[in-house]
file start-v5.cif (mmCIF, C-alpha atoms and all ligand atoms)
data_entry
#
loop_
_atom_site.label_atom_id
_atom_site.label_comp_id
_atom_site.auth_asym_id
_atom_site.auth_seq_id
_atom_site.Cartn_x
_atom_site.Cartn_y
_atom_site.Cartn_z
CA MET A 1 108.96 222.82 -83.47
CA ALA A 2 109.68 223.06 -79.73
CA ARG A 3 112.31 220.69 -78.36
CA GLY A 4 109.76 218.57 -76.46
CA ARG A 5 107.61 218.17 -79.56
CA ALA A 6 110.66 217.14 -81.61
CA ARG A 7 111.55 214.46 -79.05
CA GLU A 8 108.01 213.15 -79.00
CA ALA A 9 107.73 213.20 -82.80
CA ILE A 10 110.98 211.25 -83.15
CA LEU A 11 110.01 208.68 -80.51
CA ASP A 12 106.58 208.26 -82.17
CA ALA A 13 108.17 207.84 -85.61
CA ILE A 14 110.56 205.14 -84.35
CA ARG A 15 107.77 203.40 -82.41
CA ALA A 16 105.56 203.29 -85.50
CA ALA A 17 108.13 201.81 -87.86
CA GLU A 18 111.33 200.76 -86.10
CA PRO A 19 114.10 200.29 -86.96
CA LEU A 20 114.59 203.62 -88.74
CA SER A 21 117.62 205.61 -89.84
CA ARG A 22 118.07 209.30 -89.04
CA VAL A 23 117.34 210.17 -92.68
CA GLU A 24 114.08 208.21 -92.57
CA ILE A 25 113.10 209.88 -89.31
CA ALA A 26 113.65 213.29 -90.90
CA GLY A 27 111.41 212.21 -93.79
CA VAL A 28 108.61 211.02 -91.51
CA THR A 29 108.68 213.91 -89.01
CA GLY A 30 109.45 216.81 -91.32
CA LEU A 31 112.35 217.81 -89.06
CA THR A 32 115.70 218.75 -90.59
CA GLU A 33 118.40 216.05 -90.54
CA ALA A 34 120.47 218.30 -88.30
CA ALA A 35 117.64 218.62 -85.79
CA VAL A 36 117.06 214.85 -85.89
CA SER A 37 120.78 214.13 -85.32
CA MET A 38 120.93 216.51 -82.38
CA THR A 39 117.83 215.14 -80.69
CA VAL A 40 118.73 211.50 -81.39
CA ARG A 41 122.13 212.06 -79.79
CA ARG A 42 120.36 213.19 -76.64
CA LEU A 43 117.93 210.23 -76.75
CA LEU A 44 120.90 207.84 -77.13
CA ASP A 45 122.61 209.45 -74.12
CA GLU A 46 119.45 208.99 -72.08
CA GLY A 47 119.16 205.35 -73.16
CA LEU A 48 115.67 205.76 -74.65
CA VAL A 49 116.92 204.90 -78.13
CA VAL A 50 119.56 202.36 -79.11
CA GLU A 51 121.51 201.77 -82.31
CA THR A 52 120.75 198.44 -83.93
CA GLY A 53 122.99 197.80 -86.92
CA ARG A 54 123.21 199.35 -90.35
CA ALA A 55 120.92 199.43 -93.36
CA PRO A 56 122.52 198.46 -96.66
CA THR A 57 122.25 201.46 -99.00
CA ALA A 58 123.93 202.44 -102.23
CA GLY A 59 125.90 205.22 -100.54
CA LYS A 60 127.04 205.55 -96.97
CA PRO A 61 125.49 202.87 -94.72
CA ARG A 62 122.85 204.25 -92.38
CA THR A 63 122.73 203.38 -88.71
CA LEU A 64 119.31 202.11 -87.66
CA LEU A 65 117.63 203.15 -84.43
CA ARG A 66 115.04 201.50 -82.24
CA LEU A 67 113.52 202.11 -78.83
CA ASP A 68 114.77 200.38 -75.69
CA PRO A 69 111.45 198.87 -74.53
CA SER A 70 112.15 199.06 -70.80
CA ALA A 71 114.08 202.32 -70.64
CA ARG A 72 110.94 204.04 -69.40
CA ILE A 73 107.91 202.26 -67.98
CA ALA A 74 104.56 203.33 -66.59
CA VAL A 75 101.66 201.65 -64.82
CA GLY A 76 98.11 201.84 -66.19
CA VAL A 77 95.16 201.12 -63.90
CA HIS A 78 91.62 200.62 -65.18
CA LEU A 79 88.74 200.47 -62.74
CA ASP A 80 85.40 198.90 -63.39
CA ALA A 81 82.79 197.88 -60.85
CA GLY A 82 84.62 195.63 -58.44
CA THR A 83 87.74 194.97 -60.53
CA ALA A 84 90.99 196.81 -61.12
CA THR A 85 93.20 195.89 -64.08
CA PHE A 86 96.86 196.85 -63.79
CA VAL A 87 99.32 196.83 -66.70
CA LEU A 88 102.99 197.70 -66.83
CA THR A 89 103.93 199.15 -70.21
CA GLY A 90 107.24 200.16 -71.75
CA GLN A 91 107.81 202.78 -74.39
CA THR A 92 107.28 200.40 -77.31
CA GLY A 93 103.71 199.77 -76.13
CA GLY A 94 104.08 196.12 -75.19
CA ILE A 95 102.62 194.90 -71.91
CA ILE A 96 105.47 193.84 -69.62
CA SER A 97 103.17 192.44 -66.97
CA ARG A 98 99.52 192.61 -65.98
CA LEU A 99 97.33 191.88 -63.01
CA ALA A 100 93.59 191.94 -62.25
CA ARG A 101 92.33 192.18 -58.67
CA PRO A 102 88.98 192.58 -56.97
CA VAL A 103 88.58 195.99 -55.30
CA SER A 104 85.88 197.77 -53.29
CA THR A 105 83.23 199.88 -55.02
CA PRO A 106 84.37 202.61 -55.08
CA ALA A 107 87.99 201.47 -54.98
CA THR A 108 90.32 202.85 -52.32
CA ALA A 109 93.78 204.30 -52.91
CA ASP A 110 95.30 201.69 -50.57
CA GLU A 111 93.87 198.83 -52.64
CA LEU A 112 95.26 200.36 -55.81
CA ALA A 113 98.64 201.11 -54.24
CA ALA A 114 98.88 197.47 -53.13
CA GLY A 115 98.13 196.32 -56.69
CA VAL A 116 100.79 198.63 -58.13
CA THR A 117 103.35 197.27 -55.65
CA VAL A 118 102.58 193.66 -56.57
CA LEU A 119 102.68 194.47 -60.30
CA LEU A 120 106.07 196.19 -60.09
CA ALA A 121 107.57 193.58 -57.77
CA GLY A 122 106.47 190.74 -60.05
CA SER A 123 107.70 192.36 -63.26
CA GLY A 124 111.42 192.12 -62.59
CA VAL A 125 111.83 195.67 -63.90
CA ASP A 126 113.56 198.38 -61.84
CA ALA A 127 110.73 200.39 -60.26
CA ALA A 128 112.96 203.48 -60.41
CA ARG A 129 112.32 203.51 -64.18
CA CYS A 130 108.59 203.96 -63.61
CA LEU A 131 107.48 207.44 -64.63
CA GLY A 132 104.09 207.28 -62.95
CA ILE A 133 100.60 205.83 -62.94
CA GLY A 134 97.77 206.44 -65.39
CA LEU A 135 94.39 205.94 -63.75
CA THR A 136 91.19 205.48 -65.72
CA GLY A 137 87.72 203.93 -65.63
CA ALA A 138 84.83 204.26 -63.20
CA MET A 139 86.39 206.01 -60.19
CA ASP A 140 83.17 206.23 -58.20
CA GLY A 141 82.08 202.70 -59.02
CA ALA A 142 80.05 204.20 -61.87
CA GLY A 143 80.03 200.79 -63.48
CA THR A 144 76.89 200.58 -61.40
CA GLY A 145 76.04 204.28 -61.11
CA GLY A 146 75.54 205.94 -64.50
CA GLY A 147 76.80 209.39 -65.38
CA ALA A 148 78.21 211.21 -68.32
CA GLY A 149 81.46 209.35 -68.88
CA THR A 150 83.80 211.83 -67.23
CA THR A 151 86.45 210.90 -64.72
CA HIS A 152 83.95 211.01 -61.82
CA GLY A 153 85.85 212.34 -58.87
CA GLY A 154 89.01 210.64 -60.13
CA GLY A 155 91.03 213.70 -59.09
CA ASP A 156 90.50 212.86 -55.42
CA LEU A 157 91.39 209.19 -55.87
CA GLY A 158 94.36 210.23 -58.01
CA ASP A 159 95.62 212.53 -55.23
CA ARG A 160 95.28 209.77 -52.65
CA LEU A 161 97.03 207.25 -54.92
CA ARG A 162 99.85 209.74 -55.44
CA ALA A 163 100.18 210.12 -51.66
CA ALA A 164 100.08 206.34 -51.13
CA THR A 165 102.66 205.43 -53.79
CA GLY A 166 104.85 208.51 -54.27
CA PHE A 167 104.30 208.22 -58.05
CA THR A 168 102.88 210.92 -60.29
CA VAL A 169 99.26 210.00 -61.10
CA LEU A 170 97.51 211.07 -64.27
CA VAL A 171 93.71 210.63 -64.30
CA GLU A 172 92.07 210.18 -67.68
CA ASN A 173 88.69 209.35 -69.17
CA ASP A 174 88.60 205.68 -70.23
CA ALA A 175 87.64 206.29 -73.85
CA THR A 176 90.34 208.93 -74.27
CA ALA A 177 92.87 206.58 -72.68
CA ALA A 178 91.77 203.72 -74.95
CA ALA A 179 92.29 205.92 -78.03
CA ALA A 180 95.78 206.81 -76.81
CA GLY A 181 96.42 203.11 -76.20
CA GLU A 182 95.34 202.23 -79.72
CA TYR A 183 97.62 204.87 -81.22
CA TRP A 184 100.42 203.55 -79.04
CA VAL A 185 99.94 199.80 -79.53
CA ALA A 186 98.83 199.69 -83.17
CA ARG A 187 101.77 201.81 -84.36
CA LEU A 188 99.49 203.74 -86.66
CA GLY A 189 101.76 206.73 -87.18
CA PRO A 190 100.73 210.37 -86.77
CA GLU A 191 99.38 210.79 -90.31
CA ARG A 192 96.46 208.43 -89.65
CA ALA A 193 93.42 210.10 -88.03
CA PHE A 194 90.89 207.74 -86.47
CA ALA A 195 88.07 207.34 -83.99
CA ALA A 196 88.42 204.74 -81.26
CA LEU A 197 84.96 203.77 -80.03
CA HIS A 198 85.12 202.35 -76.53
CA LEU A 199 82.56 200.08 -74.91
CA GLY A 200 83.12 199.33 -71.25
CA SER A 201 80.44 199.89 -68.66
CA ARG A 202 79.44 202.86 -70.85
CA LEU A 203 80.06 204.11 -74.38
CA GLY A 204 82.76 206.61 -75.26
CA ALA A 205 85.10 207.61 -78.03
CA GLY A 206 88.51 209.15 -78.44
CA ILE A 207 89.50 210.87 -81.65
CA VAL A 208 93.17 210.85 -82.63
CA VAL A 209 94.37 213.47 -85.13
CA GLY A 210 98.03 214.14 -85.85
CA GLY A 211 99.09 211.78 -83.07
CA ARG A 212 97.13 213.75 -80.47
CA VAL A 213 94.06 212.49 -78.64
CA LEU A 214 91.26 215.03 -78.63
CA ARG A 215 89.59 215.20 -75.25
CA GLY A 216 85.97 214.29 -74.81
CA GLY A 217 84.24 211.05 -73.99
CA GLY A 218 80.94 212.48 -75.22
CA PHE A 219 80.21 209.85 -77.85
CA GLY A 220 77.61 208.25 -75.56
CA HIS A 221 75.75 211.55 -75.48
CA VAL A 222 75.28 211.99 -79.20
CA CYS A 223 71.52 212.23 -79.65
CA VAL A 224 70.08 209.31 -81.62
CA ARG A 225 66.40 209.92 -80.80
CA ALA A 226 65.14 213.50 -80.50
CA ASP A 227 62.27 212.58 -78.19
CA GLY A 228 64.09 209.68 -76.54
CA PRO A 229 64.32 208.72 -72.86
CA PRO A 230 66.03 210.96 -70.30
CA CYS A 231 69.77 210.37 -69.88
CA GLY A 232 71.92 210.52 -66.75
CA CYS A 233 73.72 213.52 -68.26
CA GLY A 234 70.55 215.65 -68.03
CA SER A 235 69.69 215.52 -71.73
CA ARG A 236 67.45 213.02 -73.51
CA GLY A 237 67.63 210.54 -76.36
CA CYS A 238 71.40 210.08 -75.94
CA LEU A 239 73.06 207.01 -77.44
CA GLU A 240 73.97 205.91 -73.91
CA ALA A 241 70.34 206.05 -72.74
CA VAL A 242 68.91 204.42 -75.86
CA ALA A 243 71.53 201.78 -76.62
CA GLY A 244 74.32 201.85 -74.02
CA PRO A 245 75.41 198.79 -72.05
CA ARG A 246 73.41 199.69 -68.94
CA THR A 247 70.24 200.01 -71.01
CA LEU A 248 71.00 196.81 -72.89
CA VAL A 249 71.54 194.83 -69.69
CA ALA A 250 68.34 196.28 -68.18
CA LEU A 251 66.40 195.26 -71.31
CA ALA A 252 67.91 191.77 -71.14
CA ARG A 253 66.93 191.41 -67.48
CA SER A 254 63.36 192.44 -68.20
CA ASP A 255 63.05 190.09 -71.19
CA ALA A 256 62.46 186.57 -69.88
CA ALA A 257 63.90 184.88 -72.97
CA ALA A 258 67.06 187.00 -73.07
CA ALA A 259 67.57 186.76 -69.30
CA ALA A 260 67.37 182.98 -69.49
CA GLU A 261 69.72 182.77 -72.49
CA ALA A 262 72.33 184.93 -70.76
CA GLY A 263 71.84 183.43 -67.32
CA LEU A 264 71.08 186.85 -65.82
CA GLU A 265 69.75 186.73 -62.32
CA PRO A 266 68.11 189.69 -60.65
CA GLY A 267 70.56 191.66 -58.59
CA SER A 268 74.14 192.50 -58.28
CA ARG A 269 76.23 191.67 -61.33
CA SER A 270 77.98 194.69 -62.81
CA VAL A 271 76.94 196.22 -66.11
CA ALA A 272 80.18 194.97 -67.68
CA ALA A 273 79.59 191.40 -66.47
CA GLY A 274 75.95 191.50 -67.59
CA PHE A 275 76.92 192.83 -71.00
CA ALA A 276 79.57 190.13 -71.38
CA ALA A 277 76.98 187.45 -70.54
CA VAL A 278 74.56 188.78 -73.18
CA ALA A 279 77.35 188.93 -75.77
CA ARG A 280 78.47 185.39 -74.95
CA ALA A 281 74.94 184.04 -75.35
CA ALA A 282 74.46 185.92 -78.65
CA ARG A 283 77.74 184.58 -79.99
CA ALA A 284 76.51 181.08 -79.21
CA GLY A 285 73.41 181.81 -81.30
CA ALA A 286 70.86 182.78 -78.62
CA PRO A 287 68.22 184.71 -80.61
CA ALA A 288 66.80 187.08 -77.96
CA CYS A 289 70.25 188.25 -76.86
CA LEU A 290 71.35 188.62 -80.47
CA ALA A 291 68.28 190.74 -81.23
CA LEU A 292 69.03 193.07 -78.32
CA LEU A 293 72.62 193.52 -79.48
CA GLU A 294 71.52 194.14 -83.07
CA GLU A 295 69.14 196.85 -81.85
CA SER A 296 71.89 198.51 -79.81
CA ALA A 297 74.35 198.18 -82.69
CA ALA A 298 71.99 199.93 -85.11
CA HIS A 299 72.01 203.03 -82.88
CA VAL A 300 75.76 202.88 -82.23
CA ALA A 301 76.29 202.62 -85.99
CA ALA A 302 74.17 205.71 -86.66
CA ALA A 303 76.15 207.70 -84.09
CA ALA A 304 79.44 206.37 -85.49
CA GLU A 305 78.40 207.53 -88.95
CA SER A 306 77.82 211.04 -87.60
CA VAL A 307 81.29 211.12 -86.03
CA VAL A 308 82.94 209.85 -89.21
CA ASN A 309 81.09 212.39 -91.34
CA LEU A 310 81.68 215.31 -89.00
CA LEU A 311 85.44 214.72 -88.81
CA ASP A 312 85.94 213.09 -92.22
CA LEU A 313 87.66 210.00 -90.83
CA ASP A 314 88.31 206.76 -92.69
CA LEU A 315 89.24 204.51 -89.76
CA VAL A 316 87.09 203.40 -86.83
CA VAL A 317 88.66 201.15 -84.21
CA LEU A 318 86.43 199.27 -81.77
CA THR A 319 87.97 198.82 -78.36
CA GLY A 320 87.20 198.13 -74.71
CA PRO A 321 85.96 194.90 -73.15
CA GLY A 322 82.41 195.34 -74.51
CA PHE A 323 83.54 195.54 -78.12
CA ALA A 324 86.07 192.77 -77.49
CA ALA A 325 83.07 190.57 -76.63
CA ALA A 326 80.52 191.86 -79.16
CA SER A 327 82.40 193.30 -82.16
CA PHE A 328 80.92 190.47 -84.25
CA VAL A 329 77.63 192.38 -84.10
CA TYR A 330 78.77 196.03 -83.81
CA GLY A 331 81.54 195.89 -86.44
CA PRO A 332 79.37 194.68 -89.33
CA ALA A 333 76.50 196.98 -88.24
CA ILE A 334 78.76 200.05 -88.43
CA GLN A 335 80.24 198.92 -91.75
CA ARG A 336 76.76 198.33 -93.25
CA ARG A 337 75.53 201.69 -92.02
CA ILE A 338 78.45 203.70 -93.38
CA ALA A 339 79.02 201.96 -96.73
CA PRO A 340 76.15 203.32 -98.88
CA ALA A 341 76.85 207.05 -98.36
CA ASP A 342 80.58 206.36 -98.57
CA ALA A 343 80.09 205.01 -102.05
CA LYS A 344 77.45 207.46 -103.24
CA THR A 345 78.54 210.75 -101.70
CA TRP A 346 81.82 210.78 -99.80
CA HIS A 347 83.92 208.67 -102.17
CA ARG A 348 85.95 207.14 -99.40
CA SER A 349 86.14 203.74 -97.81
CA VAL A 350 85.85 203.67 -94.04
CA THR A 351 87.63 200.75 -92.39
CA VAL A 352 86.14 199.35 -89.18
CA THR A 353 88.57 197.25 -87.16
CA VAL A 354 88.73 195.70 -83.72
CA SER A 355 91.67 196.64 -81.52
CA SER A 356 94.17 193.84 -81.02
CA ALA A 357 94.28 194.82 -77.35
CA ALA A 358 90.61 195.70 -76.83
CA ALA A 359 90.25 194.23 -73.36
CA THR A 360 93.19 196.12 -71.83
CA ALA A 361 93.10 199.19 -74.09
CA SER A 362 92.31 201.84 -71.52
CA ALA A 363 94.81 200.61 -68.93
CA THR A 364 97.54 200.47 -71.58
CA GLY A 365 96.48 203.86 -72.92
CA ALA A 366 96.55 205.45 -69.48
CA ALA A 367 100.12 204.20 -69.07
CA ALA A 368 100.96 205.49 -72.56
CA MET A 369 99.67 208.93 -71.63
CA VAL A 370 102.04 208.97 -68.66
CA LEU A 371 104.96 207.96 -70.91
CA ARG A 372 104.11 210.73 -73.39
CA SER A 373 103.42 213.45 -70.84
ZN ZN B 1 73.36 211.87 -72.17
#
call {"tool": "encode", "arguments": {"input": "start-v5.cif", "output": "structure tokens"}}
result
Amino acid sequence: MARGRAREAILDAIRAAEPLSRVEIAGVTGLTEAAVSMTVRRLLDEGLVVETGRAPTAGKPRTLLRLDPSARIAVGVHLDAGTATFVLTGQTGGIISRLARPVSTPATADELAAGVTVLLAGSGVDAARCLGIGLTGAMDGAGTGGGAGTTHGGGDLGDRLRAATGFTVLVENDATAAAAGEYWVARLGPERAFAALHLGSRLGAGIVVGGRVLRGGGFGHVCVRADGPPCGCGSRGCLEAVAGPRTLVALARSDAAAAAEAGLEPGSRSVAAGFAAVARAARAGAPACLALLEESAAHVAAAAESVVNLLDLDLVVLTGPGFAAASFVYGPAIQRRIAPADAKTWHRSVTVTVSSAAATASATGAAAMVLRS
């Protein structure tokens, strides 16, 4: 294993189950005890890891190690139509401080740089410890513009933000970032493969295998209806076009009962805000909004089943602000959809959970990707 991989594996192992002894780290990572000792010595010198007492054992007592949460920090920025969410994260995954601000659509680098400055100044942490900025979400204001769930010209905005702040800027797809955030925050450990389904102003997914996030936010473009409506990506019948948040909000606006239940007025609210209003109404028992969500959830569940079967996963995590608001419909729908074939054919039990940090997952994940890079 290359030196960088060994460092990362050791930091991940401690993050997932701290405090750990060197012997335990060797067991978890598969590294030799000599390699662990050598790398841990370097991590102690750099202040990333600290010693935290001794474990009682039958033989020689073992020194336990944990991460110093603020030894390295990074900023995560998530953009959605009209709003930027900023989080400051340390290497244990906790949010040190957070901030949400209105921004232009599309957002400018100066607006984001100002937010980063306020976040860092208010955190009380030495900005010199900040390794960089992870930038994710709808860079072109695509919360109102559609598209295939890529980073949408984020490279340009990333370059301008780098110039404005002097920090390294890493631009990442929001679903990929959310998956990284889930791995980071939930302390799942590298042996647990999972799919993080992300619902923001569009649908996406990140797949984590062996502690690595596979690229690709293409979950919204899984075909769920062969002869379905055209999709912004150029194909047709995609999950996004049939059941994505933009489609759902459009259906709610055109349905008088649902529009009244959710308080949707014609015009300018973002997809994310419209979706949140529909979910809020459905949670309060509004039948037309609930029916629209159930219809969307049935298609999302079918696509989720395909992903789980294709990759043989047994954990699905729902994340992003959309699922934070509507997991009470989507979670059970996915579970119901997957359970029969699980029992009859695959002989596994897929767990569907909701991220504990669903609303800020992609901002946290973008920061995590900076800390790991
Ligand atoms: Zn598509």
call {"tool": "residues_around", "arguments": {"input": "start-v5.cif", "residues": "segment 78-91 of chain A", "least_positions_apart": "5", "cutoff": "7 Å", "atoms": "only C-alpha atoms", "output": "mmCIF file with C-alpha atoms, keeping the file's coordinate frame"}}
result
data_model
loop_
_atom_site.group_PDB
_atom_site.id
_atom_site.type_symbol
_atom_site.label_atom_id
_atom_site.label_comp_id
_atom_site.auth_asym_id
_atom_site.auth_seq_id
_atom_site.Cartn_x
_atom_site.Cartn_y
_atom_site.Cartn_z
ATOM 1 C CA PRO A 69 111.450 198.870 -74.530
ATOM 2 C CA SER A 70 112.150 199.060 -70.800
ATOM 3 C CA ARG A 72 110.940 204.040 -69.400
ATOM 4 C CA ILE A 73 107.910 202.260 -67.980
ATOM 5 C CA ILE A 96 105.470 193.840 -69.620
ATOM 6 C CA SER A 97 103.170 192.440 -66.970
ATOM 7 C CA ARG A 98 99.520 192.610 -65.980
ATOM 8 C CA LEU A 99 97.330 191.880 -63.010
ATOM 9 C CA ALA A 100 93.590 191.940 -62.250
ATOM 10 C CA ARG A 101 92.330 192.180 -58.670
ATOM 11 C CA PRO A 102 88.980 192.580 -56.970
ATOM 12 C CA VAL A 103 88.580 195.990 -55.300
ATOM 13 C CA SER A 104 85.880 197.770 -53.290
ATOM 14 C CA THR A 105 83.230 199.880 -55.020
ATOM 15 C CA LEU A 135 94.390 205.940 -63.750
ATOM 16 C CA THR A 136 91.190 205.480 -65.720
ATOM 17 C CA GLY A 137 87.720 203.930 -65.630
ATOM 18 C CA ALA A 138 84.830 204.260 -63.200
ATOM 19 C CA MET A 139 86.390 206.010 -60.190
ATOM 20 C CA GLY A 141 82.080 202.700 -59.020
ATOM 21 C CA ALA A 142 80.050 204.200 -61.870
ATOM 22 C CA GLY A 143 80.030 200.790 -63.480
ATOM 23 C CA THR A 144 76.890 200.580 -61.400
ATOM 24 C CA SER A 270 77.980 194.690 -62.810
ATOM 25 C CA SER A 362 92.310 201.840 -71.520
ATOM 26 C CA ALA A 363 94.810 200.610 -68.930
ATOM 27 C CA THR A 364 97.540 200.470 -71.580
ATOM 28 C CA ALA A 367 100.120 204.200 -69.070
ATOM 29 C CA LEU A 371 104.960 207.960 -70.910
#
call {"tool": "residues_near_ligand", "arguments": {"input": "start-v5.cif", "ligand": "ligand ZN 1 (chain B)", "cutoff": "9 Å", "atoms": "only C-alpha atoms and all ligand atoms", "output": "ChimeraX atom specification"}}
result
/A:147-148,218,220-223,230-241
call {"tool": "atom_distance", "arguments": {"input": "start-v5.cif", "atom1": "atom CA of Thr32 of chain A", "atom2": "atom CA of Thr92 of chain A"}}
result
24.2 Å
call {"tool": "atom_distance", "arguments": {"input": "start-v5.cif", "atom1": "atom CA of Ser327 of chain A", "atom2": "atom CA of Ala298 of chain A"}}
result
12.7 Å
call {"tool": "atom_distance", "arguments": {"input": "start-v5.cif", "atom1": "atom CA of Glu46 of chain A", "atom2": "atom CA of Asp68 of chain A"}}
result
10.4 Å
call {"tool": "residues_around", "arguments": {"input": "start-v5.cif", "residues": "segment 41-43 of chain A", "least_positions_apart": "3", "cutoff": "12 Å", "atoms": "all atoms listed in the file", "output": "NGL selection string"}}
result
:A and (3-4 or 6-8 or 10-11 or 14 or 22 or 34-38 or 46-51 or 65-68 or 71-72)
call {"tool": "build_atoms", "arguments": {"input": "start-v5.cif", "residues": "segment 210-225 of chain A", "atoms": "N, CA and C atoms", "output": "short mmCIF file (atom, residue, chain, number, x, y, z; two decimals), keeping the file's coordinate frame"}}
result
data_model
loop_
_atom_site.label_atom_id
_atom_site.label_comp_id
_atom_site.auth_asym_id
_atom_site.auth_seq_id
_atom_site.Cartn_x
_atom_site.Cartn_y
_atom_site.Cartn_z
N GLY A 210 96.65 213.68 -85.93
CA GLY A 210 98.03 214.14 -85.85
C GLY A 210 98.77 213.60 -84.65
N GLY A 211 98.40 212.38 -84.21
CA GLY A 211 99.09 211.78 -83.07
C GLY A 211 98.64 212.32 -81.73
N ARG A 212 97.63 213.17 -81.73
CA ARG A 212 97.13 213.75 -80.47
C ARG A 212 95.71 213.26 -80.22
N VAL A 213 95.42 212.93 -78.98
CA VAL A 213 94.06 212.49 -78.64
C VAL A 213 93.25 213.72 -78.27
N LEU A 214 92.15 213.94 -78.99
CA LEU A 214 91.26 215.03 -78.63
C LEU A 214 90.46 214.62 -77.41
N ARG A 215 90.34 215.50 -76.45
CA ARG A 215 89.59 215.20 -75.25
C ARG A 215 88.10 215.02 -75.57
N GLY A 216 87.41 214.33 -74.67
CA GLY A 216 85.97 214.29 -74.81
C GLY A 216 85.47 212.88 -74.94
N GLY A 217 84.84 212.38 -73.93
CA GLY A 217 84.24 211.05 -73.99
C GLY A 217 82.76 211.16 -74.28
N GLY A 218 82.37 212.17 -75.05
CA GLY A 218 80.94 212.48 -75.22
C GLY A 218 80.20 211.66 -76.24
N PHE A 219 80.86 210.65 -76.81
CA PHE A 219 80.21 209.85 -77.85
C PHE A 219 78.88 209.26 -77.36
N GLY A 220 78.84 208.83 -76.10
CA GLY A 220 77.61 208.25 -75.56
C GLY A 220 76.48 209.25 -75.45
N HIS A 221 76.79 210.53 -75.63
CA HIS A 221 75.75 211.55 -75.48
C HIS A 221 75.46 212.26 -76.80
N VAL A 222 75.80 211.60 -77.89
CA VAL A 222 75.28 211.99 -79.20
C VAL A 222 73.80 211.61 -79.21
N CYS A 223 72.96 212.52 -79.65
CA CYS A 223 71.52 212.23 -79.65
C CYS A 223 71.16 211.33 -80.83
N VAL A 224 70.52 210.20 -80.54
CA VAL A 224 70.08 209.31 -81.62
C VAL A 224 68.55 209.23 -81.68
N ARG A 225 67.85 209.91 -80.75
CA ARG A 225 66.40 209.92 -80.80
C ARG A 225 65.93 211.23 -80.15
#
